[in-house]
Structure formats: C-alpha cells, structure tokens
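Q: The file below is start02.cif, mmCIF, C-alpha atoms:
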```
data_work
loop_
_atom_site.group_PDB
_atom_site.id
_atom_site.type_symbol
_atom_site.label_atom_id
_atom_site.label_comp_id
_atom_site.auth_asym_id
_atom_site.auth_seq_id
_atom_site.Cartn_x
_atom_site.Cartn_y
_atom_site.Cartn_z
ATOM 1 C CA MET A 1 15.888 -15.675 -27.603
ATOM 2 C CA LYS A 2 18.507 -18.381 -27.448
ATOM 3 C CA LEU A 3 19.810 -19.381 -24.005
ATOM 4 C CA LEU A 4 22.665 -21.631 -23.008
ATOM 5 C CA THR A 5 22.460 -23.123 -19.522
ATOM 6 C CA HIS A 6 24.933 -24.771 -17.177
ATOM 7 C CA PRO A 7 24.433 -27.067 -14.147
ATOM 8 C CA ASP A 8 26.225 -24.547 -11.897
ATOM 9 C CA VAL A 9 23.976 -21.647 -12.969
ATOM 10 C CA TYR A 10 20.331 -21.102 -12.025
ATOM 11 C CA GLU A 11 18.253 -22.154 -15.021
ATOM 12 C CA PRO A 12 15.301 -19.901 -15.920
ATOM 13 C CA SER A 13 12.048 -21.190 -14.460
ATOM 14 C CA ASP A 14 8.575 -19.839 -13.618
ATOM 15 C CA ASP A 15 10.094 -17.010 -11.561
ATOM 16 C CA SER A 16 12.473 -15.886 -14.324
ATOM 17 C CA TYR A 17 9.724 -16.036 -16.954
ATOM 18 C CA LEU A 18 7.254 -14.065 -14.801
ATOM 19 C CA LEU A 19 9.811 -11.310 -14.291
ATOM 20 C CA ALA A 20 10.790 -11.435 -17.983
ATOM 21 C CA ASP A 21 7.121 -10.978 -18.953
ATOM 22 C CA VAL A 22 6.862 -7.927 -16.691
ATOM 23 C CA LEU A 23 10.000 -6.499 -18.326
ATOM 24 C CA LYS A 24 8.727 -7.229 -21.849
ATOM 25 C CA ASN A 25 5.569 -5.242 -21.095
ATOM 26 C CA TYR A 26 7.334 -2.572 -19.037
ATOM 27 C CA GLU A 27 7.304 1.104 -19.821
ATOM 28 C CA ASN A 28 9.743 2.404 -22.396
ATOM 29 C CA LEU A 29 13.251 1.240 -21.517
ATOM 30 C CA GLU A 30 14.870 2.838 -24.583
ATOM 31 C CA GLY A 31 17.998 4.681 -23.418
ATOM 32 C CA LYS A 32 17.387 3.851 -19.742
ATOM 33 C CA ASP A 33 20.080 2.548 -17.397
ATOM 34 C CA VAL A 34 19.175 -0.904 -16.057
ATOM 35 C CA LEU A 35 20.920 -3.126 -13.516
ATOM 36 C CA ASP A 36 20.183 -6.864 -13.420
ATOM 37 C CA ILE A 37 21.341 -8.291 -10.088
ATOM 38 C CA GLY A 38 21.988 -12.032 -9.926
ATOM 39 C CA THR A 39 21.800 -12.292 -13.688
ATOM 40 C CA GLY A 40 22.238 -16.086 -13.880
ATOM 41 C CA THR A 41 21.921 -16.993 -17.565
ATOM 42 C CA GLY A 42 21.306 -13.307 -18.364
ATOM 43 C CA ILE A 43 17.680 -13.722 -19.452
ATOM 44 C CA LEU A 44 16.461 -10.506 -17.763
ATOM 45 C CA ALA A 45 19.466 -8.483 -18.915
ATOM 46 C CA LEU A 46 18.792 -9.703 -22.457
ATOM 47 C CA VAL A 47 15.134 -8.652 -22.329
ATOM 48 C CA ALA A 48 16.067 -5.171 -21.042
ATOM 49 C CA ALA A 49 18.838 -4.742 -23.623
ATOM 50 C CA GLN A 50 16.555 -5.876 -26.443
ATOM 51 C CA LYS A 51 14.135 -3.133 -25.331
ATOM 52 C CA GLY A 52 16.907 -0.561 -25.866
ATOM 53 C CA ALA A 53 18.236 -0.198 -22.323
ATOM 54 C CA SER A 54 21.872 0.217 -21.384
ATOM 55 C CA VAL A 55 22.379 -2.807 -19.124
ATOM 56 C CA ILE A 56 24.842 -3.811 -16.448
ATOM 57 C CA ALA A 57 24.395 -7.395 -15.220
ATOM 58 C CA SER A 58 26.079 -8.771 -12.127
ATOM 59 C CA ASP A 59 26.354 -12.105 -10.377
ATOM 60 C CA ILE A 60 28.436 -13.581 -7.573
ATOM 61 C CA ASN A 61 28.920 -16.776 -9.612
ATOM 62 C CA ASP A 62 31.821 -16.766 -12.122
ATOM 63 C CA LYS A 63 30.123 -19.492 -14.161
ATOM 64 C CA ALA A 64 26.943 -17.370 -14.387
ATOM 65 C CA ILE A 65 28.918 -14.412 -15.732
ATOM 66 C CA GLU A 66 30.568 -16.718 -18.280
ATOM 67 C CA ILE A 67 27.239 -18.217 -19.462
ATOM 68 C CA ALA A 68 25.465 -14.826 -19.492
ATOM 69 C CA LYS A 69 28.266 -13.366 -21.649
ATOM 70 C CA LYS A 70 27.879 -16.275 -24.069
ATOM 71 C CA ASN A 71 24.104 -15.695 -24.161
ATOM 72 C CA ALA A 72 24.607 -11.988 -24.868
ATOM 73 C CA ASN A 73 26.918 -12.875 -27.778
ATOM 74 C CA LEU A 74 24.524 -15.579 -28.997
ATOM 75 C CA ASN A 75 21.719 -12.978 -29.100
ATOM 76 C CA ASN A 76 23.885 -10.161 -30.535
ATOM 77 C CA THR A 77 23.195 -8.053 -27.458
ATOM 78 C CA GLU A 78 25.547 -5.629 -25.751
ATOM 79 C CA ILE A 79 25.584 -5.964 -21.948
ATOM 80 C CA GLU A 80 28.272 -5.024 -19.431
ATOM 81 C CA PHE A 81 28.985 -7.793 -16.912
ATOM 82 C CA ARG A 82 30.453 -7.475 -13.430
ATOM 83 C CA LYS A 83 31.181 -10.011 -10.731
ATOM 84 C CA GLY A 84 29.831 -9.138 -7.318
ATOM 85 C CA ASP A 85 27.402 -9.814 -4.502
ATOM 86 C CA LEU A 86 24.350 -7.530 -4.845
ATOM 87 C CA PHE A 87 25.696 -3.967 -5.218
ATOM 88 C CA GLU A 88 29.350 -4.887 -4.792
ATOM 89 C CA ASN A 89 31.310 -3.265 -7.665
ATOM 90 C CA ILE A 90 28.287 -1.107 -8.569
ATOM 91 C CA LYS A 91 28.775 2.643 -8.153
ATOM 92 C CA GLU A 92 26.227 3.942 -10.694
ATOM 93 C CA LYS A 93 22.578 4.910 -10.243
ATOM 94 C CA PHE A 94 19.871 3.339 -12.403
ATOM 95 C CA ASP A 95 16.445 3.998 -13.839
ATOM 96 C CA LEU A 96 15.507 0.381 -13.146
ATOM 97 C CA ILE A 97 17.030 -2.366 -10.999
ATOM 98 C CA VAL A 98 15.801 -5.924 -11.588
ATOM 99 C CA PHE A 99 16.343 -8.708 -9.076
ATOM 100 C CA ASN A 100 15.114 -12.294 -9.279
ATOM 101 C CA SER A 101 15.874 -12.777 -5.618
ATOM 102 C CA PRO A 102 16.797 -15.989 -3.801
ATOM 103 C CA TYR A 103 13.366 -15.998 -2.173
ATOM 104 C CA LEU A 104 13.169 -19.387 -0.440
ATOM 105 C CA PRO A 105 13.968 -19.586 3.271
ATOM 106 C CA VAL A 106 17.243 -21.329 4.078
ATOM 107 C CA ASN A 107 16.546 -24.739 5.580
ATOM 108 C CA ASP A 108 20.051 -26.141 5.597
ATOM 109 C CA LYS A 109 23.592 -24.876 5.386
ATOM 110 C CA ILE A 110 24.390 -23.503 1.935
ATOM 111 C CA ASN A 111 27.201 -25.673 0.573
ATOM 112 C CA PHE A 112 27.384 -24.624 -3.068
ATOM 113 C CA LEU A 113 27.333 -21.221 -4.745
ATOM 114 C CA ILE A 114 24.380 -22.214 -6.949
ATOM 115 C CA GLU A 115 22.283 -22.781 -3.805
ATOM 116 C CA ARG A 116 22.480 -19.016 -3.170
ATOM 117 C CA ALA A 117 20.333 -18.582 -6.289
ATOM 118 C CA TRP A 118 17.223 -19.756 -4.432
ATOM 119 C CA ASN A 119 18.056 -19.745 -0.685
ATOM 120 C CA ASP A 120 17.691 -16.376 1.042
ATOM 121 C CA ASP A 121 20.453 -16.037 3.603
ATOM 122 C CA GLY A 122 19.737 -12.355 4.276
ATOM 123 C CA THR A 123 20.170 -11.262 0.664
ATOM 124 C CA ILE A 124 16.659 -9.790 0.302
ATOM 125 C CA GLU A 125 16.990 -7.709 3.453
ATOM 126 C CA LYS A 126 20.390 -6.466 2.281
ATOM 127 C CA PHE A 127 18.860 -5.575 -1.097
ATOM 128 C CA PHE A 128 16.145 -3.443 0.525
ATOM 129 C CA GLU A 129 18.744 -1.738 2.730
ATOM 130 C CA GLU A 130 21.038 -0.834 -0.195
ATOM 131 C CA VAL A 131 18.862 -0.382 -3.297
ATOM 132 C CA ASP A 132 17.985 3.269 -2.652
ATOM 133 C CA ALA A 133 21.642 4.314 -2.988
ATOM 134 C CA HIS A 134 21.592 2.983 -6.564
ATOM 135 C CA LEU A 135 18.310 4.445 -7.821
ATOM 136 C CA LYS A 136 18.090 7.657 -9.812
ATOM 137 C CA ASP A 137 15.576 10.203 -8.487
ATOM 138 C CA ASP A 138 12.675 8.599 -10.355
ATOM 139 C CA GLY A 139 14.256 5.146 -10.441
ATOM 140 C CA LYS A 140 12.329 1.960 -9.733
ATOM 141 C CA PHE A 141 13.106 -1.633 -8.861
ATOM 142 C CA LEU A 142 11.458 -4.937 -9.684
ATOM 143 C CA ILE A 143 11.990 -7.804 -7.263
ATOM 144 C CA LEU A 144 10.556 -11.302 -7.446
ATOM 145 C CA LEU A 145 9.370 -12.753 -4.131
ATOM 146 C CA SER A 146 7.268 -15.696 -2.962
ATOM 147 C CA SER A 147 4.558 -16.416 -0.449
ATOM 148 C CA LEU A 148 7.282 -18.533 1.228
ATOM 149 C CA THR A 149 9.721 -15.609 1.548
ATOM 150 C CA LYS A 150 10.432 -14.934 5.223
ATOM 151 C CA ILE A 151 10.933 -11.184 4.836
ATOM 152 C CA SER A 152 7.939 -9.074 3.847
ATOM 153 C CA PRO A 153 8.286 -6.027 1.595
ATOM 154 C CA GLU A 154 5.727 -4.264 3.841
ATOM 155 C CA ARG A 155 8.556 -3.974 6.350
ATOM 156 C CA TYR A 156 10.081 -1.309 4.078
ATOM 157 C CA THR A 157 7.047 0.911 3.403
ATOM 158 C CA GLU A 158 8.607 3.785 5.383
ATOM 159 C CA LYS A 159 11.251 4.005 2.678
ATOM 160 C CA PHE A 160 9.524 2.763 -0.495
ATOM 161 C CA VAL A 161 6.188 2.861 -2.299
ATOM 162 C CA MET A 162 5.605 -0.687 -3.543
ATOM 163 C CA GLU A 163 2.995 -2.466 -5.602
ATOM 164 C CA LYS A 164 2.515 -6.072 -6.672
ATOM 165 C CA VAL A 165 2.514 -5.927 -10.500
ATOM 166 C CA ALA A 166 2.331 -9.627 -11.407
ATOM 167 C CA SER A 167 1.807 -12.986 -9.739
ATOM 168 C CA LYS A 168 1.541 -16.663 -10.519
ATOM 169 C CA LYS A 169 0.158 -19.481 -8.382
ATOM 170 C CA LEU A 170 2.297 -22.572 -8.332
ATOM 171 C CA PHE A 171 1.656 -25.918 -6.672
ATOM 172 C CA PHE A 172 2.999 -24.981 -3.218
ATOM 173 C CA GLU A 173 3.436 -21.198 -3.376
ATOM 174 C CA GLU A 174 2.574 -17.960 -5.116
ATOM 175 C CA ILE A 175 5.379 -16.018 -6.755
ATOM 176 C CA PHE A 176 4.978 -12.312 -7.383
ATOM 177 C CA VAL A 177 6.798 -9.297 -8.759
ATOM 178 C CA VAL A 178 6.911 -6.159 -6.646
ATOM 179 C CA GLU A 179 7.674 -2.796 -8.212
ATOM 180 C CA GLY A 180 9.110 -0.218 -5.856
ATOM 181 C CA LYS A 181 10.332 3.339 -5.825
ATOM 182 C CA MET A 182 11.590 5.759 -3.195
ATOM 183 C CA LYS A 183 9.031 7.695 -1.215
ATOM 184 C CA LYS A 184 9.268 11.379 -2.010
ATOM 185 C CA ASN A 185 10.382 13.445 0.954
ATOM 186 C CA LYS A 186 7.747 16.149 1.427
ATOM 187 C CA GLU A 187 10.046 18.259 3.564
ATOM 188 C CA LYS A 188 13.005 19.818 1.786
#
```
Written as structure tokens, that's how I'd like the structure from this file.

A:
Amino acid sequence: MKLLTHPDVYEPSDDSYLLADVLKNYENLEGKDVLDIGTGTGILALVAAQKGASVIASDINDKAIEIAKKNANLNNTEIEFRKGDLFENIKEKFDLIVFNSPYLPVNDKINFLIERAWNDDGTIEKFFEEVDAHLKDDGKFLILLSSLTKISPERYTEKFVMEKVASKKLFFEEIFVVEGKMKKNKEK
C-alpha cells in the first residue's frame, strides 16, 4: 500500500497499524458496508476496501479528505469520502464502523484541527452515544483506545457487548482495539 502524508493530517503510527492489522485479519468484509470515522490518510478505509467492502470514509479535516482521496487513487481503490465530525453527514447503517479515536486526554486548549486527531475533547463519549444509530442489526464497531484514555468502555456495557481484540504495549501506555456490538434486547 502506498500512502501520501501531509503535516496537517495525522500520520499513521502504532495505533493506525494495530487497527489495520485487526482489519486485515477480520472476518469476511466482502460486500459489507464499512464506515471509517476520522480517516486521516485513509489507511483503514483502504484496508477495508481492499478486502472487498463498500467503504465510506469521513473526517472533519479538509486536508485529510484531500490526502485520503489521493491515497485511494494511488492504490486504485474506490472509497466514498465525506466531510464531517463523527456521524455528521452519515445517514446510513453499517456492518462495521472503524474509529481510530483521539484517545489522549486533553491537557491544553486545542488550537489546531490536527490536534483533534489525538486529543479527546469528548469525541469518544459522543461516539459511544451515537454509534448504535448507525449499526445494522448485527453490525459491529472497532475503536482504538489507550490505557491513558479518560473514558472507559466499561461505562457502556448496558448498551454494548465489548471485547478487547488486540493490544500493544508502548513505552508509556498500552493501546488496544475494542470490538463492540449492540446487546440483544431479550424482551420484544
């Protein structure tokens, strides 16, 4: 895979590659509808599309959309791109939603759009509050979090069944991928 980068777009790092590895080894994505939130360079959208998924990729950063489009063209991959914050401009439901979240706690005021790529200013909580409206009945999500993340996925176990599916220890933290799906309502 060939990837162009830009100083104003989050460059793939350990977190992106861990999530990409999970996607590469994920169940059959052929013909599935996948949403990549916060696509950045488009690396996760590219992996899903190369596995045969129909992919929509979104980002709040215009420069990210521009670079991700170039990367899709560079890799002869068809992906639909939309500008938006989380589920803004997303009406569809998906088999899989992938989100390399901005998992670090905010220490200072966020001054530049690129800083939203790693500083959680309530984005993760908003994701957990809205993701269910965009999942198909058997849909799942993959979210990357860190041992430094202030919000715990356990807070949402009333709504979702979640499991840690991959992790990597880094110098000052552990990053991990959580797979989630809606709890089935036993009363109908």

Q: Quick one: residues within 7 Å of stretch 127-135 of chain A, all atoms listed in the file, excluding same-chain residues fewer than 6 positions away - as a PDB file with C-alpha atoms, in the coordinates of the input?

A:
```pdb
ATOM      1  CA  LEU A  86      24.350  -7.530  -4.845  1.00  0.00           C
ATOM      2  CA  GLU A  92      26.227   3.942 -10.694  1.00  0.00           C
ATOM      3  CA  LYS A  93      22.578   4.910 -10.243  1.00  0.00           C
ATOM      4  CA  PHE A  94      19.871   3.339 -12.403  1.00  0.00           C
ATOM      5  CA  ASP A  95      16.445   3.998 -13.839  1.00  0.00           C
ATOM      6  CA  MET A 182      11.590   5.759  -3.195  1.00  0.00           C
TER       7      MET A 182
END
```

Q: Tell me, in Å to one decimal, how far atom CA of A:Ser147 is from atom CA of A:Glu173.

A: 5.7 Å

Q: Considering all atoms listed in the file, state which residue in the set A:Glu27, A:Glu154, A:Asp8, A:Asp14 is at the smallest distance from A:Lys168.

A: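 Among A:Glu27, A:Glu154, A:Asp8, A:Asp14, it is A:Asp14 that comes nearest to A:Lys168.
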
Q: So what does the PyMOL selection byres ((chain A and resi 181) around 9) actually pick up in this one, as JSON, numbers by chain?

A: {"A": [132, 135, 138, 139, 140, 141, 159, 160, 161, 162, 179, 180, 182, 183, 184]}

Q: Using all atoms listed in the file, find the one residue out of A:Asn25, A:Ser101, A:Asn75, A:Ser152 that sits nearest to A:Gln50.

A: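 Of all the options, A:Asn75 lies closest to A:Gln50.
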
Q: Taking all listed atoms of stretch 166-183 of chain A, build the axis-aligned box, pad each of the six sides by 4 Å, then write its centre and edge lengths in Å to one decimal as JSON.

A:
```
{"center_x": 5.9, "center_y": -9.1, "center_z": -6.3, "size_x": 19.4, "size_y": 41.6, "size_z": 18.2}
```

Q: Could you state the separation of atom CA of A:Phe87 and atom CA of A:Lys51 in Å, given to one decimal place?

A: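 The value is 23.2 Å.
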
Q: Pick out the closest residue to A:Leu44 from this set: A:Lys32, A:Lys126, A:Lys2, A:Lys24. Count all atoms listed in the file.

A: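 Checking each of A:Lys32, A:Lys126, A:Lys2, A:Lys24 against A:Leu44, counting all atoms listed in the file, the winner is A:Lys24.
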
Q: Given the choices A:Leu4, A:Ile79, A:Val22, A:Ile97, which gets closest to A:Asp36 if the distance is worked out from all atoms listed in the file?

A: A:Ile97

Q: When the PyMOL selection byres ((chain A and resi 82) around 9) is applied to the structure above, which residues does it catch, written out as a list in words?

A: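 Checked against the file, the PyMOL selection byres ((chain A and resi 82) around 9) matches Ile56, Ala57, Ser58, Asp59, Ile60, Ile65, Glu80, Phe81, Lys83, Gly84, Asn89 and Ile90 of chain A.
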
Q: Would you translate the PyMOL selection byres ((chain A and resi 1) around 10) into the concrete set of residues it matches in this file, as a PyMOL selection string?

A: chain A and resi 2-3+43+46-47+50+71-72+74-75

Q: What does the file look like for those residues with C-alpha atoms, as a PDB file, keeping the file's coordinate frame?

A:
```pdb
ATOM      1  CA  LYS A   2      18.507 -18.381 -27.448  1.00  0.00           C
ATOM      2  CA  LEU A   3      19.810 -19.381 -24.005  1.00  0.00           C
ATOM      3  CA  ILE A  43      17.680 -13.722 -19.452  1.00  0.00           C
ATOM      4  CA  LEU A  46      18.792  -9.703 -22.457  1.00  0.00           C
ATOM      5  CA  VAL A  47      15.134  -8.652 -22.329  1.00  0.00           C
ATOM      6  CA  GLN A  50      16.555  -5.876 -26.443  1.00  0.00           C
ATOM      7  CA  ASN A  71      24.104 -15.695 -24.161  1.00  0.00           C
ATOM      8  CA  ALA A  72      24.607 -11.988 -24.868  1.00  0.00           C
ATOM      9  CA  LEU A  74      24.524 -15.579 -28.997  1.00  0.00           C
ATOM     10  CA  ASN A  75      21.719 -12.978 -29.100  1.00  0.00           C
TER      11      ASN A  75
END
```

Q: State, in Å with one decimal place, the distance from atom CA of A:Ile37 to atom CA of A:Asp85.

A: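 Distance between the two atoms: 8.4 Å.
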
Q: Counting all atoms listed in the file, which of A:Ala49, A:Leu145, A:Ala166, A:Leu19 gets nearest to A:Gly31?

A: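 For A:Gly31, the nearest of the given residues is A:Ala49.
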
Q: Scan for residues within 8 Å of the point (10.8, -7.7, -12.3) in the coordinates of the file, using only C-alpha atoms, and reply as an NGL selection string.

A: :A and (18-20 or 22-23 or 98-100 or 141-144 or 177-179)

Q: Using all atoms listed in the file, which of A:Ile124, A:Ile151, A:Ala64, A:Val55 sits nearest A:Gly40?

A: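 Among the listed residues, A:Ala64 lies closest to A:Gly40.
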